[in-house]
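For reference, the structure discussed in these notes is given below.
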Amino acid sequence: MFHHITVLKEEATEGLRIKPDGIYVDCTLGGGGHSSVILSQLGPGGRLIAFDQDDWAHENAKDRLAAYGDRLTLVKSNFRHLEDKLREIDGVPQVDGIPQVDGILYDLGVSSPQFDEGERGFSYNADAPLDMRMDRSSDLTAREIVNEWPEKEIARVLFQYGEEKFSRRIAKVIVDTRQTTPVETTGQLVELIKQGIPAAARRTGGHPAKRSFQALRIAVNDELGVFEDSLHQAVRCAAPGGRISVITFHSLEDRICKQIFAQYVEKCTCPPDFPMCVCGGKGTLKLVNRKPLIPTEEELAQNPRARSAKLRVAEKLQSLAEEI
């Protein structure tokens with residue numbers, strides 16, 4: 001059964017300021033939680049285009065969201081291809097060849113079903129083959145990284161993507177072990193990670209494999225590169241007045257979102273005593289919420305996985321008519 005608790009469901013969809021006849025994009029269909037809220041607010045002329053590269057998400061959506069008929073368009077693709085895929089869909093308006101939609105939503109990270117299905121290899125709580133691919137047709141797996149990548153590269157991944165301070169020790173244990181015994185399962189990897197972390201450190205900060213598993217998942221799926229590429233496309237594809245709503249789950253994602261939004265926000269360099277702006281530093285976006293929204297205590301009580309979630313929302317400026 002596909003069961004997933006959607007994080008910041010109301011806040012993220014409210015941030016889109018949905019119009020009944022608008023065109024919206026859910027870049028991360030997942031369990032369909034955000035998509036169902038958006039669809040419920042659309043009229044007969046409205047449309048939702050939902051992206052996901054996971055077969056589970058599509059099969060679930062076909063059942064859960066079947067009542068909405070042709071208001072829903074499912075796209076089996078990584079959202080790195082957002083602009084190209086939108087360009088291929090009939091009925092999506094374009095300006096100078098760039099698709100224009102009224103709102104775009106991202107709910108980043110791995111959905112609960114992917115964590116909970118042992119065979120996917122995302123979870124350190126179940127012994128399964130080392131996989132971690134969100135798109136099962138892709139080539140790179142966690143097994144390949146762990147068994148074939150150089151020790152320095154493994155350490156870099158663990159430190160850069162997992163902020164694991166014992167990354168070099170863990171990488172050395174992995175490489176020493178694989179010389180005689182391939183690392184095939186998540187259970188084996190968990191034990192090696194534990195060996196690389198001092199006993200005192202293992203007793204604090206949650207599960208000792210959490211950061212390393214996060215890092216490998218990000219590397220396997222190029223999550224940060226994909227998000228960065230896609231978010232720039234989202235800024236281009238948002239129509240004037242359209243909004244982009246982004247839920248992140250760790251500091252690396254949130255930093256990318258914050259920095260990219262900042263690139264497009266108006267930056268006037270005129271002296272403060274000038275009566276009007278003459279520098280021409282026009283922006284593309286304005287921030288809807290200056291600080292990210294976080295889950296309420298009530299939501300955290302129902303879903304502890306939401307604890308690290310942050311929501312940022314930006315709006316395309318109405319006055320912008322020129323190309324970005």
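How things are named: the first chain in the structure tokens is A, the next is B, and so on; residues count from 1 in each chain; ligands count from 1 in the order shown.
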
**Message:** Just want the 12 Å neighbourhood of Gln214 of chain A, counted on only C-alpha atoms, with same-chain residues fewer than 4 positions away dropped. Output as a PyMOL selection string.
**Reply:** chain A and resi 109-110+115+121-124+132+142+157-164+207-210+218-224+249-250+252

Using the selection just defined, write its residues with N, CA, C and O atoms as a compact mmCIF listing (two decimals), in the first residue's frame.
# COMPACT_ATOMS: atom_id res chain seq x y z
N GLY A 109 13.27 15.53 -1.61
CA GLY A 109 13.57 14.38 -0.76
C GLY A 109 12.86 13.13 -1.22
O GLY A 109 12.18 13.11 -2.25
N VAL A 110 12.99 12.09 -0.45
CA VAL A 110 12.42 10.79 -0.78
C VAL A 110 11.11 10.62 -0.03
O VAL A 110 11.01 10.94 1.15
N PHE A 115 11.29 5.15 1.30
CA PHE A 115 12.05 4.79 2.49
C PHE A 115 11.61 3.43 3.03
O PHE A 115 12.42 2.62 3.46
N GLY A 121 16.40 0.11 -1.07
CA GLY A 121 17.73 0.36 -0.53
C GLY A 121 17.95 1.75 0.02
O GLY A 121 19.09 2.16 0.25
N PHE A 122 16.86 2.50 0.27
CA PHE A 122 17.01 3.84 0.83
C PHE A 122 17.16 3.82 2.35
O PHE A 122 17.70 4.74 2.94
N SER A 123 16.64 2.79 2.98
CA SER A 123 16.53 2.79 4.43
C SER A 123 17.67 2.03 5.11
O SER A 123 18.05 0.94 4.68
N TYR A 124 18.17 2.63 6.18
CA TYR A 124 19.19 1.96 6.99
C TYR A 124 18.54 1.06 8.04
O TYR A 124 19.23 0.43 8.83
N MET A 132 19.11 2.59 -4.15
CA MET A 132 18.88 4.02 -3.91
C MET A 132 18.53 4.81 -5.16
O MET A 132 18.53 6.04 -5.14
N ALA A 142 23.93 2.88 -5.52
CA ALA A 142 24.78 3.02 -4.33
C ALA A 142 25.82 1.91 -4.28
O ALA A 142 26.94 2.12 -3.79
N VAL A 157 31.90 12.52 -1.00
CA VAL A 157 30.44 12.42 -1.07
C VAL A 157 29.83 12.44 0.33
O VAL A 157 28.86 13.16 0.60
N LEU A 158 30.40 11.65 1.24
CA LEU A 158 29.85 11.57 2.60
C LEU A 158 29.95 12.91 3.32
O LEU A 158 29.05 13.29 4.07
N PHE A 159 31.05 13.62 3.09
CA PHE A 159 31.23 14.90 3.77
C PHE A 159 30.40 16.01 3.11
O PHE A 159 29.72 16.78 3.79
N GLN A 160 30.44 16.08 1.78
CA GLN A 160 29.78 17.18 1.07
C GLN A 160 28.27 17.07 1.11
O GLN A 160 27.57 18.07 1.31
N TYR A 161 27.75 15.87 0.92
CA TYR A 161 26.30 15.69 0.82
C TYR A 161 25.65 15.26 2.13
O TYR A 161 24.44 15.42 2.30
N GLY A 162 26.44 14.67 3.03
CA GLY A 162 25.88 14.22 4.30
C GLY A 162 26.39 14.99 5.50
O GLY A 162 25.93 14.78 6.62
N GLU A 163 27.37 15.86 5.26
CA GLU A 163 27.99 16.62 6.35
C GLU A 163 28.44 15.68 7.48
O GLU A 163 28.28 15.97 8.65
N GLU A 164 28.98 14.54 7.03
CA GLU A 164 29.46 13.50 7.96
C GLU A 164 30.92 13.79 8.33
O GLU A 164 31.81 13.70 7.49
N HIS A 207 20.47 7.88 14.34
CA HIS A 207 21.08 6.69 13.76
C HIS A 207 22.43 7.04 13.13
O HIS A 207 22.53 8.02 12.37
N PRO A 208 23.49 6.29 13.41
CA PRO A 208 24.82 6.64 12.90
C PRO A 208 24.93 6.61 11.38
O PRO A 208 25.82 7.24 10.81
N ALA A 209 24.04 5.87 10.70
CA ALA A 209 24.13 5.77 9.24
C ALA A 209 23.29 6.82 8.51
O ALA A 209 23.34 6.91 7.28
N LYS A 210 22.56 7.62 9.24
CA LYS A 210 21.61 8.57 8.62
C LYS A 210 22.29 9.49 7.62
O LYS A 210 21.85 9.65 6.47
N ILE A 218 21.78 11.19 -2.44
CA ILE A 218 21.94 12.44 -3.20
C ILE A 218 22.89 12.23 -4.37
O ILE A 218 22.64 12.68 -5.49
N ALA A 219 23.99 11.50 -4.13
CA ALA A 219 24.97 11.25 -5.19
C ALA A 219 24.40 10.37 -6.29
O ALA A 219 24.58 10.64 -7.48
N VAL A 220 23.70 9.30 -5.90
CA VAL A 220 23.13 8.37 -6.89
C VAL A 220 22.17 9.10 -7.82
O VAL A 220 22.16 8.88 -9.04
N ASN A 221 21.37 9.99 -7.27
CA ASN A 221 20.32 10.65 -8.06
C ASN A 221 20.69 12.08 -8.49
O ASN A 221 19.85 12.76 -9.08
N ASP A 222 21.92 12.50 -8.21
CA ASP A 222 22.37 13.87 -8.53
C ASP A 222 21.31 14.89 -8.09
O ASP A 222 20.97 15.82 -8.82
N GLU A 223 20.81 14.72 -6.88
CA GLU A 223 19.66 15.51 -6.44
C GLU A 223 19.92 17.02 -6.42
O GLU A 223 19.06 17.80 -6.81
N LEU A 224 21.10 17.42 -5.98
CA LEU A 224 21.36 18.85 -5.87
C LEU A 224 21.53 19.49 -7.25
O LEU A 224 21.02 20.58 -7.51
N PHE A 249 14.36 19.63 2.72
CA PHE A 249 14.48 18.80 3.91
C PHE A 249 15.87 18.77 4.53
O PHE A 249 16.07 18.14 5.55
N HIS A 250 16.83 19.43 3.90
CA HIS A 250 18.13 19.56 4.57
C HIS A 250 18.81 20.83 4.09
O HIS A 250 18.39 21.47 3.12
N LEU A 252 21.50 21.69 2.55
CA LEU A 252 22.07 21.84 1.22
C LEU A 252 21.01 22.26 0.21
O LEU A 252 21.23 23.17 -0.60

**Request:** Run DSSP on the backbone of this structure and report the residues of segment 68-253 of chain A it assigns to strand (DSSP E), as a PyMOL selection string.
**Result:** chain A and resi 72-75+94-95+98-99+101-107+238-248

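Near Thr13 of chain A, within 7 Å and counting only C-alpha atoms, sit Lys9, Glu10, Leu16, His34 and Ile38 of chain A; same-chain residues fewer than 3 positions away were not included.
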
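Non-sequential neighbours of Thr284 of chain A (distance at most 7 Å, separation of 3 or more positions within a chain, only C-alpha atoms) are A:Tyr264, A:Val265, A:Glu266, A:Lys316, A:Leu317, A:Leu320.
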
I need the residues of segment 206-249 of chain A that end up classed as helix (DSSP H, G or I) by DSSP on the backbone, written out as an mmCIF file with C-alpha atoms, in the first residue's frame.
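The new file result_9.cif reads:
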data_model
loop_
_atom_site.group_PDB
_atom_site.id
_atom_site.type_symbol
_atom_site.label_atom_id
_atom_site.label_comp_id
_atom_site.auth_asym_id
_atom_site.auth_seq_id
_atom_site.Cartn_x
_atom_site.Cartn_y
_atom_site.Cartn_z
ATOM 1 C CA LYS A 210 21.608 8.565 8.619
ATOM 2 C CA ARG A 211 24.034 11.116 7.163
ATOM 3 C CA SER A 212 25.925 8.599 5.028
ATOM 4 C CA PHE A 213 22.732 7.160 3.544
ATOM 5 C CA GLN A 214 21.489 10.663 2.748
ATOM 6 C CA ALA A 215 24.780 11.454 1.045
ATOM 7 C CA LEU A 216 24.754 8.306 -1.099
ATOM 8 C CA ARG A 217 21.133 8.880 -2.116
ATOM 9 C CA ILE A 218 21.936 12.435 -3.198
ATOM 10 C CA ALA A 219 24.970 11.253 -5.187
ATOM 11 C CA VAL A 220 23.126 8.372 -6.886
ATOM 12 C CA ASN A 221 20.325 10.649 -8.055
ATOM 13 C CA GLU A 223 19.661 15.514 -6.438
ATOM 14 C CA LEU A 224 21.363 18.854 -5.872
ATOM 15 C CA GLY A 225 22.381 19.306 -9.503
ATOM 16 C CA VAL A 226 18.909 18.313 -10.676
ATOM 17 C CA PHE A 227 17.222 20.743 -8.284
ATOM 18 C CA GLU A 228 19.507 23.631 -9.231
ATOM 19 C CA ASP A 229 18.913 23.096 -12.965
ATOM 20 C CA SER A 230 15.175 22.744 -12.494
ATOM 21 C CA LEU A 231 14.692 25.760 -10.236
ATOM 22 C CA HIS A 232 16.276 28.081 -12.806
ATOM 23 C CA GLN A 233 13.862 26.604 -15.365
ATOM 24 C CA ALA A 234 10.960 27.151 -12.977
ATOM 25 C CA VAL A 235 11.785 30.858 -12.773
ATOM 26 C CA ARG A 236 11.698 31.072 -16.566
ATOM 27 C CA CYS A 237 8.480 29.056 -16.842
#

**Request:** Considering only C-alpha atoms, state which residue in the set A:Gln318, A:Ser245, A:Thr6, A:Thr186 is at the smallest distance from Arg305 of chain A.
**Result:** A:Thr6

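The gap separating atom CA of Leu293 of chain A from atom CA of Lys258 of chain A is 12.7 Å, in Å to one decimal.
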
**Request:** Give me the residues within 12 Å of Thr177 of chain A as a list of chain:residue names, counting only C-alpha atoms and dropping any in the same chain fewer than 2 places off.
**Result:** A:Val146, A:Asn147, A:Glu151, A:Ile170, A:Ala171, A:Lys172, A:Val173, A:Ile174, A:Val175, A:Gln179, A:Thr180, A:Thr181, A:Pro182, A:Val183, A:Glu184, A:Gln188, A:Leu189, A:Glu191, A:Leu192, A:Ile193, A:Gln195, A:Gly196

Please produce an output containing N, CA, C and O atoms for each residue in the selection, written as a JSON list (two decimals), in the first residue's frame.
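So the final result, stored in out_3.json, reads:
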[["chain", "number", "residue", "atom", "x", "y", "z"],
["A", 146, "VAL", "N", 29.86, 2.50, -3.62],
["A", 146, "VAL", "CA", 30.51, 1.90, -2.46],
["A", 146, "VAL", "C", 31.61, 0.91, -2.88],
["A", 146, "VAL", "O", 32.66, 0.83, -2.22],
["A", 147, "ASN", "N", 31.41, 0.19, -3.96],
["A", 147, "ASN", "CA", 32.35, -0.87, -4.34],
["A", 147, "ASN", "C", 33.38, -0.47, -5.40],
["A", 147, "ASN", "O", 34.39, -1.16, -5.55],
["A", 151, "GLU", "N", 38.53, 5.82, -2.71],
["A", 151, "GLU", "CA", 38.30, 6.16, -1.30],
["A", 151, "GLU", "C", 38.08, 7.66, -1.11],
["A", 151, "GLU", "O", 37.18, 8.07, -0.37],
["A", 170, "ILE", "N", 35.03, 6.44, 7.64],
["A", 170, "ILE", "CA", 34.04, 5.52, 7.08],
["A", 170, "ILE", "C", 34.48, 5.04, 5.70],
["A", 170, "ILE", "O", 34.39, 3.84, 5.38],
["A", 171, "ALA", "N", 34.97, 5.96, 4.88],
["A", 171, "ALA", "CA", 35.43, 5.58, 3.53],
["A", 171, "ALA", "C", 36.56, 4.56, 3.59],
["A", 171, "ALA", "O", 36.61, 3.61, 2.80],
["A", 172, "LYS", "N", 37.47, 4.73, 4.53],
["A", 172, "LYS", "CA", 38.58, 3.78, 4.66],
["A", 172, "LYS", "C", 38.09, 2.40, 5.06],
["A", 172, "LYS", "O", 38.54, 1.38, 4.51],
["A", 173, "VAL", "N", 37.15, 2.33, 6.00],
["A", 173, "VAL", "CA", 36.58, 1.04, 6.41],
["A", 173, "VAL", "C", 35.92, 0.36, 5.22],
["A", 173, "VAL", "O", 36.08, -0.85, 4.99],
["A", 174, "ILE", "N", 35.16, 1.13, 4.43],
["A", 174, "ILE", "CA", 34.47, 0.57, 3.27],
["A", 174, "ILE", "C", 35.49, 0.00, 2.27],
["A", 174, "ILE", "O", 35.35, -1.14, 1.78],
["A", 175, "VAL", "N", 36.50, 0.79, 1.94],
["A", 175, "VAL", "CA", 37.48, 0.36, 0.93],
["A", 175, "VAL", "C", 38.30, -0.82, 1.42],
["A", 175, "VAL", "O", 38.58, -1.76, 0.66],
["A", 179, "GLN", "N", 37.93, -4.93, -0.48],
["A", 179, "GLN", "CA", 39.06, -5.61, -1.12],
["A", 179, "GLN", "C", 38.94, -7.13, -1.01],
["A", 179, "GLN", "O", 39.49, -7.86, -1.85],
["A", 180, "THR", "N", 38.22, -7.59, 0.00],
["A", 180, "THR", "CA", 38.04, -9.04, 0.17],
["A", 180, "THR", "C", 36.58, -9.46, 0.04],
["A", 180, "THR", "O", 36.30, -10.57, -0.39],
["A", 181, "THR", "N", 35.66, -8.54, 0.42],
["A", 181, "THR", "CA", 34.23, -8.87, 0.40],
["A", 181, "THR", "C", 33.43, -7.72, -0.18],
["A", 181, "THR", "O", 33.41, -6.63, 0.40],
["A", 182, "PRO", "N", 32.74, -7.89, -1.31],
["A", 182, "PRO", "CA", 31.92, -6.82, -1.85],
["A", 182, "PRO", "C", 30.82, -6.40, -0.86],
["A", 182, "PRO", "O", 30.30, -7.24, -0.12],
["A", 183, "VAL", "N", 30.51, -5.13, -0.86],
["A", 183, "VAL", "CA", 29.43, -4.61, 0.00],
["A", 183, "VAL", "C", 28.16, -4.62, -0.84],
["A", 183, "VAL", "O", 28.00, -3.80, -1.74],
["A", 184, "GLU", "N", 27.27, -5.55, -0.54],
["A", 184, "GLU", "CA", 26.10, -5.78, -1.39],
["A", 184, "GLU", "C", 24.80, -5.24, -0.82],
["A", 184, "GLU", "O", 23.86, -4.96, -1.57],
["A", 188, "GLN", "N", 25.00, -4.57, 5.47],
["A", 188, "GLN", "CA", 26.46, -4.59, 5.50],
["A", 188, "GLN", "C", 27.01, -3.17, 5.62],
["A", 188, "GLN", "O", 27.94, -2.91, 6.39],
["A", 189, "LEU", "N", 26.45, -2.27, 4.83],
["A", 189, "LEU", "CA", 26.95, -0.89, 4.84],
["A", 189, "LEU", "C", 26.75, -0.23, 6.20],
["A", 189, "LEU", "O", 27.64, 0.48, 6.68],
["A", 191, "GLU", "N", 26.78, -1.59, 9.10],
["A", 191, "GLU", "CA", 27.80, -2.08, 10.03],
["A", 191, "GLU", "C", 29.16, -1.46, 9.77],
["A", 191, "GLU", "O", 29.90, -1.13, 10.70],
["A", 192, "LEU", "N", 29.48, -1.23, 8.50],
["A", 192, "LEU", "CA", 30.76, -0.60, 8.18],
["A", 192, "LEU", "C", 30.77, 0.87, 8.62],
["A", 192, "LEU", "O", 31.80, 1.37, 9.11],
["A", 193, "ILE", "N", 29.65, 1.54, 8.44],
["A", 193, "ILE", "CA", 29.55, 2.93, 8.88],
["A", 193, "ILE", "C", 29.74, 3.02, 10.39],
["A", 193, "ILE", "O", 30.47, 3.89, 10.90],
["A", 195, "GLN", "N", 31.43, 1.03, 12.22],
["A", 195, "GLN", "CA", 32.84, 0.79, 12.53],
["A", 195, "GLN", "C", 33.68, 2.06, 12.33],
["A", 195, "GLN", "O", 34.70, 2.25, 13.01],
["A", 196, "GLY", "N", 33.26, 2.90, 11.40],
["A", 196, "GLY", "CA", 34.02, 4.10, 11.11],
["A", 196, "GLY", "C", 33.73, 5.27, 12.03],
["A", 196, "GLY", "O", 34.41, 6.30, 11.96]]

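Nearest residue to Cys257 of chain A, choosing from A:Tyr106, A:Tyr24, A:Phe51, A:Tyr68 and counting only C-alpha atoms: A:Tyr106.
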
**Item:** Using only C-alpha atoms: which of A:Val95, A:Ala201, A:Ala126, A:Ile104 has the shortest distance to Ala314 of chain A
**Value:** A:Ile104

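Between atom CA of Pro295 of chain A and atom CA of Leu65 of chain A the interatomic distance comes to 25.5 Å.
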
**Request:** Tell me which of A:Lys310, A:Arg168, A:Pro93, A:Arg133 sits closest to Arg255 of chain A, counting only C-alpha atoms.
**Result:** A:Lys310

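Distance check against Ala12 of chain A using only C-alpha atoms: of A:Arg243, A:Lys291, A:Lys152, A:Arg307, the minimum falls on A:Arg243.
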
**Request:** Determine, counting only C-alpha atoms, which protein, DNA and RNA residues have an atom within 7 Å of an atom of Arg71 of chain A; residues of the same chain fewer than 2 positions away are not included. Present the result as an NGL selection string.
**Result:** :A and (46-48 or 68-69 or 73)

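The space between atom CA of Val313 of chain A and atom CA of Asp63 of chain A spans 29.8 Å.
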